[in-house]
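upload.cif, holding mmCIF, C-alpha atoms:
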```cif
data_protein
#
loop_
_atom_site.group_PDB
_atom_site.id
_atom_site.type_symbol
_atom_site.label_atom_id
_atom_site.label_comp_id
_atom_site.auth_asym_id
_atom_site.auth_seq_id
_atom_site.Cartn_x
_atom_site.Cartn_y
_atom_site.Cartn_z
ATOM 1 C CA MET A 1389 281.892 102.283 113.612
ATOM 2 C CA LEU A 1390 280.763 98.693 114.069
ATOM 3 C CA PRO A 1391 280.440 97.235 117.571
ATOM 4 C CA GLY A 1392 283.271 95.354 119.275
ATOM 5 C CA VAL A 1393 282.625 91.625 119.386
ATOM 6 C CA GLY A 1394 283.199 89.032 122.077
ATOM 7 C CA VAL A 1395 283.400 85.465 120.773
ATOM 8 C CA PHE A 1396 282.401 82.534 122.944
ATOM 9 C CA GLY A 1397 284.022 79.294 121.829
ATOM 10 C CA THR A 1398 287.340 78.136 120.455
ATOM 11 C CA SER A 1399 286.248 75.468 117.975
ATOM 12 C CA LEU A 1400 287.011 75.261 114.285
ATOM 13 C CA THR A 1401 283.864 77.298 113.676
ATOM 14 C CA ALA A 1402 285.275 80.149 115.784
ATOM 15 C CA ARG A 1403 288.435 80.009 113.685
ATOM 16 C CA VAL A 1404 286.246 80.600 110.628
ATOM 17 C CA ILE A 1405 283.877 83.169 112.171
ATOM 18 C CA ILE A 1406 286.552 85.488 113.574
ATOM 19 C CA PRO A 1407 288.239 86.207 110.220
ATOM 20 C CA LEU A 1408 284.805 86.647 108.613
ATOM 21 C CA LEU A 1409 283.813 89.183 111.265
ATOM 22 C CA LYS A 1410 287.074 91.041 110.787
ATOM 23 C CA ASP A 1411 286.653 91.008 106.982
ATOM 24 C CA GLU A 1412 283.250 92.654 107.449
ATOM 25 C CA GLY A 1413 284.759 95.431 109.554
ATOM 26 C CA PHE A 1414 283.968 94.176 113.045
ATOM 27 C CA SER A 1415 286.661 94.350 115.684
ATOM 28 C CA VAL A 1416 286.912 91.160 117.735
ATOM 29 C CA LYS A 1417 287.853 92.362 121.205
ATOM 30 C CA ALA A 1418 287.576 89.251 123.381
ATOM 31 C CA ILE A 1419 287.554 85.467 123.245
ATOM 32 C CA TRP A 1420 286.153 83.065 125.801
ATOM 33 C CA GLY A 1421 287.331 79.480 126.047
ATOM 34 C CA ARG A 1422 286.436 76.639 128.387
ATOM 35 C CA THR A 1423 290.011 76.856 129.653
ATOM 36 C CA GLN A 1424 292.351 79.803 129.860
ATOM 37 C CA GLU A 1425 294.824 77.920 127.658
ATOM 38 C CA GLU A 1426 292.274 77.358 124.850
ATOM 39 C CA ALA A 1427 291.275 81.014 124.950
ATOM 40 C CA GLU A 1428 294.885 82.191 124.932
ATOM 41 C CA GLU A 1429 295.833 79.941 122.022
ATOM 42 C CA LEU A 1430 292.999 81.184 119.811
ATOM 43 C CA ALA A 1431 293.497 84.819 120.855
ATOM 44 C CA LYS A 1432 297.153 84.678 119.845
ATOM 45 C CA GLU A 1433 296.342 82.864 116.602
ATOM 46 C CA MET A 1434 293.647 85.408 115.669
ATOM 47 C CA SER A 1435 295.330 88.539 117.128
ATOM 48 C CA VAL A 1436 292.555 89.211 119.628
ATOM 49 C CA PRO A 1437 293.682 91.419 122.523
ATOM 50 C CA PHE A 1438 291.712 89.842 125.387
ATOM 51 C CA TYR A 1439 291.007 86.241 126.340
ATOM 52 C CA THR A 1440 289.512 84.523 129.357
ATOM 53 C CA SER A 1441 287.734 81.440 130.628
ATOM 54 C CA ARG A 1442 285.293 83.552 132.669
ATOM 55 C CA ILE A 1443 281.978 84.379 131.021
ATOM 56 C CA ASP A 1444 281.405 87.629 132.910
ATOM 57 C CA GLU A 1445 284.791 89.011 131.902
ATOM 58 C CA VAL A 1446 283.705 88.982 128.258
ATOM 59 C CA LEU A 1447 280.210 90.294 128.975
ATOM 60 C CA LEU A 1448 281.549 93.139 131.118
ATOM 61 C CA HIS A 1449 284.514 93.979 128.867
ATOM 62 C CA GLN A 1450 284.301 97.685 128.051
ATOM 63 C CA ASP A 1451 284.943 97.174 124.321
ATOM 64 C CA VAL A 1452 282.462 94.303 123.788
ATOM 65 C CA ASP A 1453 279.083 95.455 122.498
ATOM 66 C CA LEU A 1454 278.028 92.298 120.671
ATOM 67 C CA VAL A 1455 278.550 88.623 121.416
ATOM 68 C CA CYS A 1456 278.878 85.663 119.097
ATOM 69 C CA ILE A 1457 278.048 82.430 120.938
ATOM 70 C CA ASN A 1458 279.424 79.350 119.252
ATOM 71 C CA LEU A 1459 278.885 76.594 121.834
ATOM 72 C CA PRO A 1460 276.735 73.533 122.545
ATOM 73 C CA PRO A 1461 273.135 74.335 123.625
ATOM 74 C CA PRO A 1462 273.536 74.105 127.435
ATOM 75 C CA LEU A 1463 276.402 76.628 127.424
ATOM 76 C CA THR A 1464 274.719 78.761 124.760
ATOM 77 C CA ARG A 1465 271.631 79.042 126.952
ATOM 78 C CA GLN A 1466 273.689 79.961 130.039
ATOM 79 C CA ILE A 1467 275.636 82.670 128.214
ATOM 80 C CA ALA A 1468 272.571 84.016 126.390
ATOM 81 C CA VAL A 1469 270.691 84.399 129.679
ATOM 82 C CA LYS A 1470 273.664 86.147 131.310
ATOM 83 C CA THR A 1471 273.944 88.436 128.275
ATOM 84 C CA LEU A 1472 270.278 89.385 128.503
ATOM 85 C CA ASP A 1473 270.622 89.976 132.244
ATOM 86 C CA GLN A 1474 273.484 92.400 131.552
ATOM 87 C CA ILE A 1475 271.449 94.226 128.907
ATOM 88 C CA PHE A 1476 268.445 94.616 131.221
ATOM 89 C CA LEU A 1477 270.658 95.675 134.130
ATOM 90 C CA LEU A 1478 272.421 98.307 132.018
ATOM 91 C CA THR A 1479 269.113 99.533 130.598
ATOM 92 C CA GLU A 1480 267.636 99.803 134.081
ATOM 93 C CA VAL A 1481 270.677 101.675 135.418
ATOM 94 C CA SER A 1482 270.714 103.961 132.379
ATOM 95 C CA SER A 1483 266.997 104.747 132.744
ATOM 96 C CA ARG A 1484 267.405 105.375 136.458
ATOM 97 C CA TRP A 1485 270.375 107.666 135.817
ATOM 98 C CA GLU A 1486 268.435 109.645 133.196
ATOM 99 C CA THR A 1487 265.520 110.053 135.609
ATOM 100 C CA GLU A 1488 267.842 111.211 138.392
ATOM 101 C CA ALA A 1489 269.618 113.596 136.013
ATOM 102 C CA GLU A 1490 266.270 115.093 134.988
ATOM 103 C CA ARG A 1491 265.312 115.545 138.672
ATOM 104 C CA LEU A 1492 268.623 117.239 139.398
ATOM 105 C CA ILE A 1493 268.185 119.608 136.460
ATOM 106 C CA ASP A 1494 264.640 120.455 137.572
ATOM 107 C CA PHE A 1495 265.889 121.083 141.121
ATOM 108 C CA LEU A 1496 268.709 123.346 139.937
ATOM 109 C CA LYS A 1497 266.367 125.270 137.673
ATOM 110 C CA ALA A 1498 263.873 125.807 140.499
ATOM 111 C CA GLU A 1499 266.515 126.721 143.087
ATOM 112 C CA GLN A 1500 268.551 129.037 140.934
ATOM 113 C CA GLY A 1501 266.016 130.244 138.418
ATOM 114 C CA LEU A 1502 268.112 128.891 135.534
ATOM 115 C CA ASN A 1503 266.866 127.427 132.305
ATOM 116 C CA SER A 1504 268.122 124.043 131.084
ATOM 117 C CA SER A 1505 270.625 125.581 128.664
ATOM 118 C CA HIS A 1506 272.474 127.155 131.593
ATOM 119 C CA VAL A 1507 272.500 123.898 133.534
ATOM 120 C CA LEU A 1508 273.503 121.660 130.640
ATOM 121 C CA GLY A 1509 275.522 124.114 128.629
#
```
The structure given in the file should be rewritten as structure tokens.
Amino acid sequence: MLPGVGVFGTSLTARVIIPLLKDEGFSVKAIWGRTQEEAEELAKEMSVPFYTSRIDEVLLHQDVDLVCINLPPPLTRQIAVKTLDQIFLLTEVSSRWETEAERLIDFLKAEQGLNSSHVLG
């Protein structure tokens, strides 16, 4: 399954990109607009379930795995940096969780004399 897409921008280009993404099998899950009204109008026009004027709401949306940024350079830079921050934060949390999970498994194995198949199984 292809990743869910969040689209930043409500211009004519976004009105072209969204149908192209959908034609290729992507599911557009969220739209961001400079105003709530712009976002809502395009979301209704393109049958996109979520719209907002808050950048973080798209980046943190549970169904958005990929973003398409279609904005002037200053906004593109701001959103790209926030996107990368989210990726690094999630990677760091995921790595930390895996390390903690491994420590817990080792502890349980040592304390109870179990092998990993008993703990994980």
Show me, as JSON lines, the residues of stretch 1406-1426 of chain A having an atom within 7 Å of stretch 1436-1444 of chain A, each with the closest atom pair and its distance in Å, using all atoms listed in the file.
```
{"residue": "A:Val1416", "atom": "CA", "partner": "A:Val1436", "partner_atom": "CA", "distance": 6.3}
{"residue": "A:Lys1417", "atom": "CA", "partner": "A:Val1436", "partner_atom": "CA", "distance": 5.9}
{"residue": "A:Ala1418", "atom": "CA", "partner": "A:Phe1438", "partner_atom": "CA", "distance": 4.6}
{"residue": "A:Ile1419", "atom": "CA", "partner": "A:Tyr1439", "partner_atom": "CA", "distance": 4.7}
{"residue": "A:Trp1420", "atom": "CA", "partner": "A:Thr1440", "partner_atom": "CA", "distance": 5.1}
{"residue": "A:Gly1421", "atom": "CA", "partner": "A:Ser1441", "partner_atom": "CA", "distance": 5.0}
{"residue": "A:Arg1422", "atom": "CA", "partner": "A:Ser1441", "partner_atom": "CA", "distance": 5.5}
{"residue": "A:Thr1423", "atom": "CA", "partner": "A:Ser1441", "partner_atom": "CA", "distance": 5.2}
{"residue": "A:Gln1424", "atom": "CA", "partner": "A:Ser1441", "partner_atom": "CA", "distance": 5.0}
```
Just give me the gap between atom CA of A:Asp1473 and atom CA of A:Leu1400 in Å, one decimal is fine.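 For atom CA of A:Asp1473 relative to atom CA of A:Leu1400, the distance reads 28.4 Å.
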Atom CA of A:Ser1435 to atom CA of A:Pro1407, straight-line distance in Å: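 Computing it gives 10.2 Å between the two atoms.
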How many Å separate atom CA of A:Ser1415 from atom CA of A:Pro1391?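 Computing the Euclidean distance for atom CA of A:Ser1415 and atom CA of A:Pro1391 yields 7.1 Å.
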Select, counting all atoms listed in the file, all protein, DNA and RNA residues no farther than 8 Å from (281.1, 86.7, 128.6) in file coordinates, and express the selection as a VMD selection string. chain A and resid 1394 1396 1420 1442 to 1448 1455 1467 1470 to 1471
Nearest candidate to A:Met1389 (options A:Thr1401, A:Ala1468, A:Glu1412, A:Glu1433; using all atoms listed in the file):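 Counting all atoms listed in the file, the residue closest to A:Met1389 is A:Glu1412.
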Who sits within 9 Å of A:Leu1459, all atoms listed in the file, same chain under 6 positions skipped, as a PDB file with C-alpha atoms, in the frame of the given file:
```pdb
ATOM      1  CA  PHE A1396     282.401  82.534 122.944  1.00  0.00           C
ATOM      2  CA  GLY A1397     284.022  79.294 121.829  1.00  0.00           C
ATOM      3  CA  THR A1398     287.340  78.136 120.455  1.00  0.00           C
ATOM      4  CA  SER A1399     286.248  75.468 117.975  1.00  0.00           C
TER       5      SER A1399
END
```
Rank A:Lys1410, A:Arg1403, A:Arg1465, A:His1449 by their smallest atom-to-atom distance to A:Glu1429, using only C-alpha atoms, and report the top residue only. A:Arg1403
My list of candidates is A:Thr1464, A:Val1395, A:Asp1411, A:Val1469. Which is closest to A:Ala1427 when distances are computed with all atoms listed in the file?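 Nearest to A:Ala1427: A:Val1395.
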Could I see stretch 1420-1431 of chain A restored to all heavy atoms, set down as a short mmCIF file (atom, residue, chain, number, x, y, z; two decimals), in the coordinates of the input?
```cif
data_model
loop_
_atom_site.label_atom_id
_atom_site.label_comp_id
_atom_site.auth_asym_id
_atom_site.auth_seq_id
_atom_site.Cartn_x
_atom_site.Cartn_y
_atom_site.Cartn_z
N TRP A 1420 286.37 83.91 124.65
CA TRP A 1420 286.15 83.06 125.80
C TRP A 1420 286.40 81.61 125.41
O TRP A 1420 285.94 81.16 124.35
CB TRP A 1420 284.72 83.19 126.31
CG TRP A 1420 284.41 82.25 127.44
CD1 TRP A 1420 284.57 82.50 128.76
CD2 TRP A 1420 283.90 80.92 127.34
NE1 TRP A 1420 284.20 81.40 129.50
CE2 TRP A 1420 283.78 80.41 128.64
CE3 TRP A 1420 283.56 80.10 126.27
CZ2 TRP A 1420 283.31 79.13 128.91
CZ3 TRP A 1420 283.09 78.82 126.52
CH2 TRP A 1420 282.98 78.34 127.84
N GLY A 1421 287.12 80.91 126.24
CA GLY A 1421 287.33 79.48 126.05
C GLY A 1421 287.00 78.73 127.32
O GLY A 1421 287.01 79.31 128.41
N ARG A 1422 286.74 77.44 127.19
CA ARG A 1422 286.44 76.64 128.39
C ARG A 1422 287.61 76.64 129.36
O ARG A 1422 287.43 76.54 130.56
CB ARG A 1422 286.08 75.22 128.00
CG ARG A 1422 284.76 75.13 127.28
CD ARG A 1422 284.46 73.70 126.91
NE ARG A 1422 283.39 73.68 125.95
CZ ARG A 1422 282.41 72.81 125.97
NH1 ARG A 1422 282.37 71.88 126.89
NH2 ARG A 1422 281.46 72.85 125.06
N THR A 1423 288.82 76.73 128.81
CA THR A 1423 290.01 76.86 129.65
C THR A 1423 290.76 78.11 129.24
O THR A 1423 290.64 78.59 128.10
CB THR A 1423 290.96 75.65 129.52
OG1 THR A 1423 291.52 75.65 128.20
CG2 THR A 1423 290.23 74.33 129.78
N GLN A 1424 291.54 78.62 130.15
CA GLN A 1424 292.35 79.80 129.86
C GLN A 1424 293.32 79.51 128.71
O GLN A 1424 293.56 80.36 127.85
CB GLN A 1424 293.11 80.22 131.14
CG GLN A 1424 293.79 81.55 131.06
CD GLN A 1424 292.83 82.73 131.13
OE1 GLN A 1424 291.63 82.59 131.37
NE2 GLN A 1424 293.36 83.91 130.91
N GLU A 1425 293.85 78.30 128.69
CA GLU A 1425 294.82 77.92 127.66
C GLU A 1425 294.19 77.92 126.27
O GLU A 1425 294.79 78.40 125.30
CB GLU A 1425 295.42 76.54 127.97
CG GLU A 1425 296.27 76.50 129.23
CD GLU A 1425 295.46 76.48 130.53
OE1 GLU A 1425 294.26 76.08 130.52
OE2 GLU A 1425 296.02 76.89 131.56
N GLU A 1426 292.97 77.36 126.15
CA GLU A 1426 292.27 77.36 124.85
C GLU A 1426 292.02 78.79 124.38
O GLU A 1426 292.23 79.11 123.21
CB GLU A 1426 290.92 76.64 124.96
CG GLU A 1426 290.98 75.15 125.03
CD GLU A 1426 289.58 74.54 125.14
OE1 GLU A 1426 288.57 75.29 125.12
OE2 GLU A 1426 289.51 73.31 125.24
N ALA A 1427 291.57 79.62 125.30
CA ALA A 1427 291.27 81.01 124.95
C ALA A 1427 292.54 81.74 124.52
O ALA A 1427 292.55 82.47 123.53
CB ALA A 1427 290.62 81.72 126.14
N GLU A 1428 293.62 81.53 125.26
CA GLU A 1428 294.88 82.19 124.93
C GLU A 1428 295.41 81.74 123.57
O GLU A 1428 295.86 82.58 122.77
CB GLU A 1428 295.92 81.88 126.01
CG GLU A 1428 297.26 82.55 125.76
CD GLU A 1428 298.28 82.24 126.85
OE1 GLU A 1428 298.07 81.32 127.66
OE2 GLU A 1428 299.30 82.96 126.88
N GLU A 1429 295.34 80.46 123.30
CA GLU A 1429 295.83 79.94 122.02
C GLU A 1429 295.10 80.57 120.84
O GLU A 1429 295.72 81.04 119.89
CB GLU A 1429 295.66 78.42 121.98
CG GLU A 1429 296.12 77.78 120.70
CD GLU A 1429 295.85 76.29 120.66
OE1 GLU A 1429 295.91 75.63 121.71
OE2 GLU A 1429 295.56 75.78 119.56
N LEU A 1430 293.77 80.61 120.91
CA LEU A 1430 293.00 81.18 119.81
C LEU A 1430 293.21 82.69 119.72
O LEU A 1430 293.32 83.24 118.62
CB LEU A 1430 291.51 80.86 119.96
CG LEU A 1430 290.63 81.32 118.81
CD1 LEU A 1430 291.07 80.70 117.48
CD2 LEU A 1430 289.17 80.99 119.08
N ALA A 1431 293.29 83.36 120.86
CA ALA A 1431 293.50 84.82 120.86
C ALA A 1431 294.81 85.17 120.18
O ALA A 1431 294.89 86.10 119.37
CB ALA A 1431 293.45 85.36 122.28
#
```
